[in-house]
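Coordinates from coords_37.txt are shown below (compact mmCIF, N, CA and C atoms).
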# COMPACT_ATOMS: atom_id res chain seq x y z
N MET A 181 118.16 106.38 89.04
CA MET A 181 117.29 107.16 89.86
C MET A 181 117.74 108.63 89.90
N ALA A 182 119.05 108.88 90.04
CA ALA A 182 119.59 110.23 90.10
C ALA A 182 119.38 110.93 88.76
N ALA A 183 119.57 110.21 87.66
CA ALA A 183 119.38 110.79 86.33
C ALA A 183 117.92 111.18 86.14
N ARG A 184 117.03 110.37 86.64
CA ARG A 184 115.60 110.66 86.52
C ARG A 184 115.23 111.92 87.32
N ARG A 185 115.79 112.04 88.53
CA ARG A 185 115.53 113.21 89.37
C ARG A 185 116.11 114.45 88.69
N HIS A 186 117.29 114.31 88.11
CA HIS A 186 117.93 115.44 87.42
C HIS A 186 117.08 115.89 86.23
N ARG A 187 116.56 114.91 85.47
CA ARG A 187 115.71 115.22 84.32
C ARG A 187 114.44 115.94 84.77
N ARG A 188 113.84 115.46 85.88
CA ARG A 188 112.62 116.07 86.40
C ARG A 188 112.90 117.51 86.87
N THR A 189 114.02 117.70 87.52
CA THR A 189 114.40 119.04 87.98
C THR A 189 114.62 119.96 86.78
N ALA A 190 115.26 119.46 85.75
CA ALA A 190 115.49 120.24 84.54
C ALA A 190 114.16 120.59 83.87
N LEU A 191 113.23 119.66 83.86
CA LEU A 191 111.91 119.89 83.28
C LEU A 191 111.17 120.98 84.05
N PHE A 192 111.22 120.92 85.38
CA PHE A 192 110.56 121.94 86.20
C PHE A 192 111.21 123.31 85.99
N ALA A 193 112.51 123.32 85.87
CA ALA A 193 113.22 124.57 85.65
C ALA A 193 112.82 125.17 84.30
N ALA A 194 112.76 124.34 83.27
CA ALA A 194 112.35 124.81 81.95
C ALA A 194 110.92 125.33 81.96
N ALA A 195 110.04 124.60 82.66
CA ALA A 195 108.64 125.04 82.76
C ALA A 195 108.55 126.38 83.47
N ALA A 196 109.35 126.55 84.52
CA ALA A 196 109.33 127.81 85.26
C ALA A 196 109.77 128.97 84.37
N VAL A 197 110.79 128.73 83.55
CA VAL A 197 111.26 129.77 82.64
C VAL A 197 110.18 130.10 81.61
N LEU A 198 109.53 129.10 81.06
CA LEU A 198 108.49 129.33 80.06
C LEU A 198 107.31 130.09 80.65
N ILE A 199 107.02 129.86 81.91
CA ILE A 199 105.93 130.59 82.55
C ILE A 199 106.35 132.01 82.88
N ALA A 200 107.58 132.18 83.33
CA ALA A 200 108.05 133.50 83.76
C ALA A 200 108.24 134.47 82.60
N VAL A 201 108.67 134.00 81.45
CA VAL A 201 108.94 134.89 80.32
C VAL A 201 107.67 135.63 79.87
N PRO A 202 106.55 134.94 79.61
CA PRO A 202 105.36 135.71 79.22
C PRO A 202 104.89 136.65 80.32
N ALA A 203 105.05 136.26 81.56
CA ALA A 203 104.64 137.14 82.66
C ALA A 203 105.48 138.40 82.67
N ALA A 204 106.76 138.27 82.44
CA ALA A 204 107.63 139.45 82.41
C ALA A 204 107.29 140.34 81.23
N VAL A 205 107.05 139.73 80.08
CA VAL A 205 106.67 140.50 78.90
C VAL A 205 105.33 141.18 79.14
N GLY A 206 104.40 140.49 79.77
CA GLY A 206 103.11 141.07 80.09
C GLY A 206 103.25 142.29 80.98
N CYS A 207 104.12 142.21 81.97
CA CYS A 207 104.34 143.36 82.86
C CYS A 207 104.92 144.52 82.08
N SER A 208 105.81 144.23 81.17
CA SER A 208 106.40 145.29 80.35
C SER A 208 105.32 145.97 79.52
N ALA A 209 104.42 145.19 78.95
CA ALA A 209 103.33 145.75 78.15
C ALA A 209 102.41 146.59 79.03
N VAL A 210 102.15 146.11 80.23
CA VAL A 210 101.30 146.86 81.16
C VAL A 210 101.99 148.17 81.54
N ASP A 211 103.29 148.11 81.81
CA ASP A 211 104.04 149.32 82.15
C ASP A 211 103.98 150.33 81.01
N LYS A 212 104.15 149.85 79.77
CA LYS A 212 104.10 150.75 78.62
C LYS A 212 102.72 151.37 78.48
N ALA A 213 101.68 150.56 78.68
CA ALA A 213 100.32 151.08 78.57
C ALA A 213 100.06 152.12 79.65
N LEU A 214 100.54 151.85 80.85
CA LEU A 214 100.37 152.80 81.95
C LEU A 214 101.11 154.09 81.65
N ASP A 215 102.33 153.99 81.13
CA ASP A 215 103.08 155.19 80.74
C ASP A 215 102.31 155.98 79.68
N CYS A 216 101.73 155.27 78.74
CA CYS A 216 100.98 155.90 77.66
C CYS A 216 99.79 156.66 78.24
N VAL A 217 99.04 156.02 79.12
CA VAL A 217 97.87 156.65 79.72
C VAL A 217 98.28 157.87 80.54
N GLN A 218 99.33 157.73 81.34
CA GLN A 218 99.78 158.85 82.16
C GLN A 218 100.26 160.02 81.30
N THR A 219 100.99 159.72 80.25
CA THR A 219 101.47 160.78 79.37
C THR A 219 100.31 161.42 78.62
N ALA A 220 99.37 160.61 78.16
CA ALA A 220 98.20 161.17 77.47
C ALA A 220 97.42 162.08 78.41
N ASP A 221 97.36 161.71 79.68
CA ASP A 221 96.68 162.54 80.67
C ASP A 221 97.42 163.87 80.85
N SER A 222 98.75 163.81 80.88
CA SER A 222 99.54 165.03 80.99
C SER A 222 99.35 165.91 79.75
N ILE A 223 99.27 165.28 78.59
CA ILE A 223 99.04 166.03 77.36
C ILE A 223 97.67 166.69 77.40
N ALA A 224 96.67 165.98 77.91
CA ALA A 224 95.33 166.56 78.02
C ALA A 224 95.37 167.81 78.90
N ASP A 225 96.13 167.75 80.00
CA ASP A 225 96.28 168.92 80.86
C ASP A 225 96.96 170.06 80.11
N SER A 226 97.97 169.73 79.33
CA SER A 226 98.68 170.75 78.55
C SER A 226 97.78 171.35 77.48
N VAL A 227 96.90 170.55 76.90
CA VAL A 227 95.96 171.06 75.89
C VAL A 227 94.98 172.03 76.56
N THR A 228 94.55 171.69 77.77
CA THR A 228 93.68 172.61 78.51
C THR A 228 94.41 173.92 78.77
N ASP A 229 95.69 173.82 79.16
CA ASP A 229 96.50 175.03 79.37
C ASP A 229 96.61 175.82 78.07
N LEU A 230 96.76 175.11 76.95
CA LEU A 230 96.86 175.78 75.65
C LEU A 230 95.57 176.52 75.33
N GLN A 231 94.42 175.88 75.58
CA GLN A 231 93.14 176.54 75.33
C GLN A 231 93.03 177.83 76.14
N GLN A 232 93.40 177.76 77.42
CA GLN A 232 93.34 178.94 78.26
C GLN A 232 94.34 180.00 77.80
N ALA A 233 95.52 179.56 77.38
CA ALA A 233 96.54 180.50 76.92
C ALA A 233 96.08 181.23 75.67
N VAL A 234 95.45 180.50 74.75
CA VAL A 234 94.97 181.14 73.51
C VAL A 234 93.87 182.14 73.85
N GLU A 235 93.00 181.79 74.80
CA GLU A 235 91.94 182.71 75.20
C GLU A 235 92.51 183.97 75.84
N ASN A 236 93.63 183.84 76.54
CA ASN A 236 94.24 184.97 77.24
C ASN A 236 95.50 185.48 76.55
N ALA A 237 95.63 185.24 75.27
CA ALA A 237 96.86 185.57 74.54
C ALA A 237 97.22 187.05 74.64
N SER A 238 96.23 187.89 74.68
CA SER A 238 96.54 189.32 74.73
C SER A 238 97.15 189.70 76.08
N ASN A 239 96.83 188.96 77.13
CA ASN A 239 97.38 189.24 78.46
C ASN A 239 98.79 188.69 78.63
N ASP A 240 99.03 187.49 78.13
CA ASP A 240 100.34 186.84 78.33
C ASP A 240 100.63 185.92 77.16
N PRO A 241 101.23 186.44 76.08
CA PRO A 241 101.51 185.62 74.90
C PRO A 241 102.47 184.46 75.19
N GLY A 242 103.28 184.58 76.22
CA GLY A 242 104.23 183.51 76.55
C GLY A 242 103.56 182.24 77.04
N GLN A 243 102.34 182.35 77.56
CA GLN A 243 101.63 181.16 78.04
C GLN A 243 101.41 180.15 76.92
N THR A 244 101.12 180.64 75.75
CA THR A 244 100.88 179.75 74.61
C THR A 244 102.14 178.96 74.29
N ASP A 245 103.27 179.64 74.26
CA ASP A 245 104.54 178.95 74.00
C ASP A 245 104.83 177.90 75.07
N GLU A 246 104.56 178.25 76.32
CA GLU A 246 104.80 177.30 77.42
C GLU A 246 103.91 176.06 77.28
N ALA A 247 102.65 176.26 76.93
CA ALA A 247 101.73 175.14 76.77
C ALA A 247 102.16 174.25 75.60
N LEU A 248 102.57 174.87 74.49
CA LEU A 248 103.03 174.10 73.34
C LEU A 248 104.31 173.33 73.68
N ALA A 249 105.21 173.96 74.43
CA ALA A 249 106.45 173.29 74.83
C ALA A 249 106.16 172.10 75.74
N SER A 250 105.18 172.25 76.62
CA SER A 250 104.79 171.16 77.51
C SER A 250 104.26 169.97 76.71
N ILE A 251 103.44 170.26 75.72
CA ILE A 251 102.91 169.19 74.86
C ILE A 251 104.07 168.50 74.13
N ASP A 252 105.00 169.28 73.61
CA ASP A 252 106.16 168.71 72.91
C ASP A 252 106.96 167.77 73.81
N ARG A 253 107.21 168.20 75.06
CA ARG A 253 107.97 167.35 75.99
C ARG A 253 107.24 166.03 76.24
N ASN A 254 105.94 166.11 76.41
CA ASN A 254 105.17 164.88 76.65
C ASN A 254 105.13 164.00 75.41
N LEU A 255 105.06 164.61 74.24
CA LEU A 255 105.08 163.82 73.01
C LEU A 255 106.42 163.10 72.85
N ASP A 256 107.50 163.81 73.18
CA ASP A 256 108.82 163.16 73.11
C ASP A 256 108.87 161.97 74.05
N SER A 257 108.32 162.15 75.24
CA SER A 257 108.33 161.09 76.25
C SER A 257 107.57 159.86 75.77
N ILE A 258 106.38 160.07 75.27
CA ILE A 258 105.56 158.93 74.85
C ILE A 258 106.10 158.32 73.56
N GLY A 259 106.62 159.15 72.66
CA GLY A 259 107.18 158.65 71.41
C GLY A 259 108.37 157.74 71.63
N ASP A 260 109.17 158.04 72.65
CA ASP A 260 110.35 157.23 72.97
C ASP A 260 109.99 155.89 73.59
N LYS A 261 108.81 155.80 74.18
CA LYS A 261 108.45 154.60 74.95
C LYS A 261 107.55 153.63 74.21
N THR A 262 107.09 153.98 73.03
CA THR A 262 106.11 153.11 72.38
C THR A 262 106.64 152.49 71.10
N ASP A 263 106.13 151.29 70.84
CA ASP A 263 106.37 150.66 69.56
C ASP A 263 105.02 150.30 68.92
N ASN A 264 103.96 150.90 69.47
CA ASN A 264 102.61 150.67 68.98
C ASN A 264 102.34 151.61 67.81
N ALA A 265 101.93 151.07 66.69
CA ALA A 265 101.72 151.87 65.47
C ALA A 265 100.61 152.91 65.66
N ASP A 266 99.52 152.54 66.35
CA ASP A 266 98.43 153.49 66.55
C ASP A 266 98.86 154.66 67.43
N VAL A 267 99.63 154.35 68.48
CA VAL A 267 100.12 155.41 69.37
C VAL A 267 101.09 156.30 68.60
N SER A 268 101.98 155.70 67.83
CA SER A 268 102.94 156.48 67.05
C SER A 268 102.24 157.41 66.07
N LYS A 269 101.18 156.92 65.42
CA LYS A 269 100.42 157.75 64.49
C LYS A 269 99.74 158.90 65.22
N ALA A 270 99.14 158.62 66.37
CA ALA A 270 98.47 159.66 67.15
C ALA A 270 99.48 160.71 67.63
N VAL A 271 100.66 160.25 68.04
CA VAL A 271 101.72 161.18 68.46
C VAL A 271 102.13 162.06 67.28
N GLY A 272 102.30 161.46 66.11
CA GLY A 272 102.67 162.22 64.91
C GLY A 272 101.61 163.24 64.53
N ASP A 273 100.34 162.84 64.61
CA ASP A 273 99.25 163.77 64.28
C ASP A 273 99.21 164.95 65.25
N LEU A 274 99.41 164.65 66.53
CA LEU A 274 99.40 165.72 67.53
C LEU A 274 100.60 166.64 67.35
N ASP A 275 101.74 166.06 67.05
CA ASP A 275 102.94 166.85 66.81
C ASP A 275 102.73 167.81 65.63
N LYS A 276 102.12 167.31 64.58
CA LYS A 276 101.84 168.14 63.40
C LYS A 276 100.85 169.25 63.75
N ALA A 277 99.83 168.94 64.53
CA ALA A 277 98.83 169.95 64.93
C ALA A 277 99.48 171.05 65.77
N VAL A 278 100.39 170.66 66.67
CA VAL A 278 101.11 171.63 67.50
C VAL A 278 101.98 172.53 66.61
N ASP A 279 102.66 171.93 65.65
CA ASP A 279 103.49 172.72 64.72
C ASP A 279 102.64 173.72 63.94
N ASN A 280 101.44 173.30 63.53
CA ASN A 280 100.55 174.20 62.79
C ASN A 280 100.11 175.39 63.65
N VAL A 281 99.86 175.15 64.93
CA VAL A 281 99.49 176.24 65.83
C VAL A 281 100.67 177.20 65.98
N ARG A 282 101.86 176.64 66.15
CA ARG A 282 103.07 177.48 66.27
C ARG A 282 103.25 178.36 65.02
N THR A 283 103.07 177.75 63.86
CA THR A 283 103.21 178.48 62.60
C THR A 283 102.18 179.60 62.51
N ALA A 284 100.95 179.30 62.89
CA ALA A 284 99.90 180.31 62.86
C ALA A 284 100.24 181.49 63.77
N ILE A 285 100.78 181.19 64.95
CA ILE A 285 101.16 182.25 65.89
C ILE A 285 102.30 183.08 65.31
N ARG A 286 103.30 182.38 64.73
CA ARG A 286 104.43 183.10 64.11
C ARG A 286 103.97 184.01 62.98
N ASN A 287 102.89 183.59 62.30
CA ASN A 287 102.36 184.38 61.19
C ASN A 287 101.39 185.47 61.65
N GLY A 288 101.31 185.68 62.97
CA GLY A 288 100.51 186.78 63.49
C GLY A 288 99.12 186.44 63.98
N ASP A 289 98.72 185.20 63.91
CA ASP A 289 97.39 184.80 64.39
C ASP A 289 97.41 184.75 65.92
N GLU A 290 96.71 185.67 66.56
CA GLU A 290 96.69 185.72 68.02
C GLU A 290 95.74 184.69 68.63
N THR A 291 94.80 184.22 67.84
CA THR A 291 93.86 183.20 68.33
C THR A 291 93.77 182.06 67.32
N PRO A 292 94.82 181.28 67.23
CA PRO A 292 94.82 180.18 66.25
C PRO A 292 93.78 179.11 66.59
N ASP A 293 93.35 178.42 65.56
CA ASP A 293 92.41 177.31 65.75
C ASP A 293 93.17 176.13 66.36
N ILE A 294 92.81 175.77 67.56
CA ILE A 294 93.49 174.64 68.21
C ILE A 294 92.65 173.37 68.19
N THR A 295 91.55 173.40 67.42
CA THR A 295 90.70 172.21 67.31
C THR A 295 91.49 170.99 66.86
N PRO A 296 92.39 171.10 65.87
CA PRO A 296 93.17 169.91 65.49
C PRO A 296 94.03 169.37 66.64
N VAL A 297 94.50 170.25 67.52
CA VAL A 297 95.29 169.82 68.67
C VAL A 297 94.41 169.04 69.63
N THR A 298 93.23 169.58 69.94
CA THR A 298 92.34 168.89 70.87
C THR A 298 91.86 167.56 70.29
N ASP A 299 91.58 167.55 68.98
CA ASP A 299 91.16 166.30 68.33
C ASP A 299 92.26 165.24 68.39
N ALA A 300 93.49 165.66 68.07
CA ALA A 300 94.61 164.71 68.07
C ALA A 300 94.91 164.22 69.49
N ALA A 301 94.79 165.11 70.48
CA ALA A 301 95.01 164.70 71.86
C ALA A 301 93.94 163.69 72.29
N GLY A 302 92.72 163.91 71.85
CA GLY A 302 91.64 162.96 72.14
C GLY A 302 91.91 161.60 71.52
N GLU A 303 92.43 161.61 70.30
CA GLU A 303 92.76 160.34 69.63
C GLU A 303 93.89 159.62 70.36
N LEU A 304 94.87 160.37 70.81
CA LEU A 304 95.97 159.77 71.57
C LEU A 304 95.44 159.14 72.85
N THR A 305 94.59 159.84 73.54
CA THR A 305 94.00 159.29 74.76
C THR A 305 93.24 158.01 74.45
N LYS A 306 92.52 158.01 73.33
CA LYS A 306 91.74 156.83 72.95
C LYS A 306 92.64 155.62 72.68
N VAL A 307 93.73 155.82 71.95
CA VAL A 307 94.59 154.68 71.61
C VAL A 307 95.44 154.23 72.80
N CYS A 308 95.62 155.11 73.78
CA CYS A 308 96.40 154.74 74.98
C CYS A 308 95.54 154.02 76.01
N THR A 309 94.23 154.18 75.92
CA THR A 309 93.36 153.57 76.91
C THR A 309 93.08 152.13 76.52
N PRO A 310 93.43 151.21 77.42
CA PRO A 310 93.23 149.79 77.07
C PRO A 310 91.78 149.42 76.93

Let me see the file written as structure tokens.
Amino acid sequence: MAARRHRRTALFAAAAVLIAVPAAVGCSAVDKALDCVQTADSIADSVTDLQQAVENASNDPGQTDEALASIDRNLDSIGDKTDNADVSKAVGDLDKAVDNVRTAIRNGDETPDITPVTDAAGELTKVCTP
């Protein structure tokens, strides 16, 4: 009788572990998705700042650098937290678009085309949204 009770207790314990593991993994996935959405939202704000900075470049050229730096920080944050191939690709595309804007500014373009940045940020938002 005691062996039977012990076996039943062990079975319940094993079942509890099997149920808890997917739930914990699910929460981790939800947390990652939430981080992705929040970071994509921050990047969208930074892209808006970049658009305004480019429009006002003659008044304050430093604003453009600040907006680009903000996007870089957010990209680093999201890149470190994801193992999703689509998110990683979107982060890479946005990073490349930001680098192209920086290069254009360094080469004297006071109003660089930031359409690739806005497009890549939109793609990142799309892949982060469940």

Computed gap from CA of Asp225 in chain A to CA of Lys306 in chain A is 15.1 Å

note - CA of Asn287 in chain A and CA of Ala301 in chain A are separated by 23.6 Å

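Among the candidates A:Ala270, A:Leu248, A:Val281, A:Leu214, the residue lying nearest to Asp293 in chain A is A:Val281 (atoms considered: only N, CA and C atoms).
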
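Separating atom C of Val227 in chain A from CA of Ser250 in chain A is a distance of 9.9 Å.
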
Val297 in chain A: which residues within 6 Å, counting all atoms listed in the file, same-chain residues fewer than 6 positions away excluded, as a list in words? Leu274, Ala277 and Val278 of chain A

Write out as a PDB file with N, CA and C atoms, in the coordinates of the input the residues lying within 8 Å of Asn254 in chain A, counting only C-alpha atoms and excluding same-chain residues fewer than 4 positions away.
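Result written to selection_26.pdb:
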ATOM      1  N   THR A 219     100.990 159.720  80.250  1.00  0.00           N
ATOM      2  CA  THR A 219     101.470 160.780  79.370  1.00  0.00           C
ATOM      3  C   THR A 219     100.310 161.420  78.620  1.00  0.00           C
ATOM      4  N   ALA A 220      99.370 160.610  78.160  1.00  0.00           N
ATOM      5  CA  ALA A 220      98.200 161.170  77.470  1.00  0.00           C
ATOM      6  C   ALA A 220      97.420 162.080  78.410  1.00  0.00           C
ATOM      7  N   SER A 222      98.750 163.810  80.880  1.00  0.00           N
ATOM      8  CA  SER A 222      99.540 165.030  80.990  1.00  0.00           C
ATOM      9  C   SER A 222      99.350 165.910  79.750  1.00  0.00           C
ATOM     10  N   ILE A 223      99.270 165.280  78.590  1.00  0.00           N
ATOM     11  CA  ILE A 223      99.040 166.030  77.360  1.00  0.00           C
ATOM     12  C   ILE A 223      97.670 166.690  77.400  1.00  0.00           C
ATOM     13  N   SER A 250     105.180 172.250  76.620  1.00  0.00           N
ATOM     14  CA  SER A 250     104.790 171.160  77.510  1.00  0.00           C
ATOM     15  C   SER A 250     104.260 169.970  76.710  1.00  0.00           C
ATOM     16  N   ILE A 258     106.380 160.070  75.270  1.00  0.00           N
ATOM     17  CA  ILE A 258     105.560 158.930  74.850  1.00  0.00           C
ATOM     18  C   ILE A 258     106.100 158.320  73.560  1.00  0.00           C
TER      19      ILE A 258
END

Would you list the residues near (96.5, 181.4, 71.8) (no more than 8 Å away, in the coordinates of the file, using only N, CA and C atoms) as JSON, numbers by chain? {"A": [230, 231, 232, 233, 234, 235, 236, 237, 238, 241, 243, 244, 245, 285, 289, 290, 291, 292, 293, 294]}

Let me make sure I understand: among A:Ala265, A:Ala249, A:Ala284, A:Val271, which one has the smallest atom-to-atom distance to Leu304 in chain A if we use only N, CA and C atoms? A:Val271
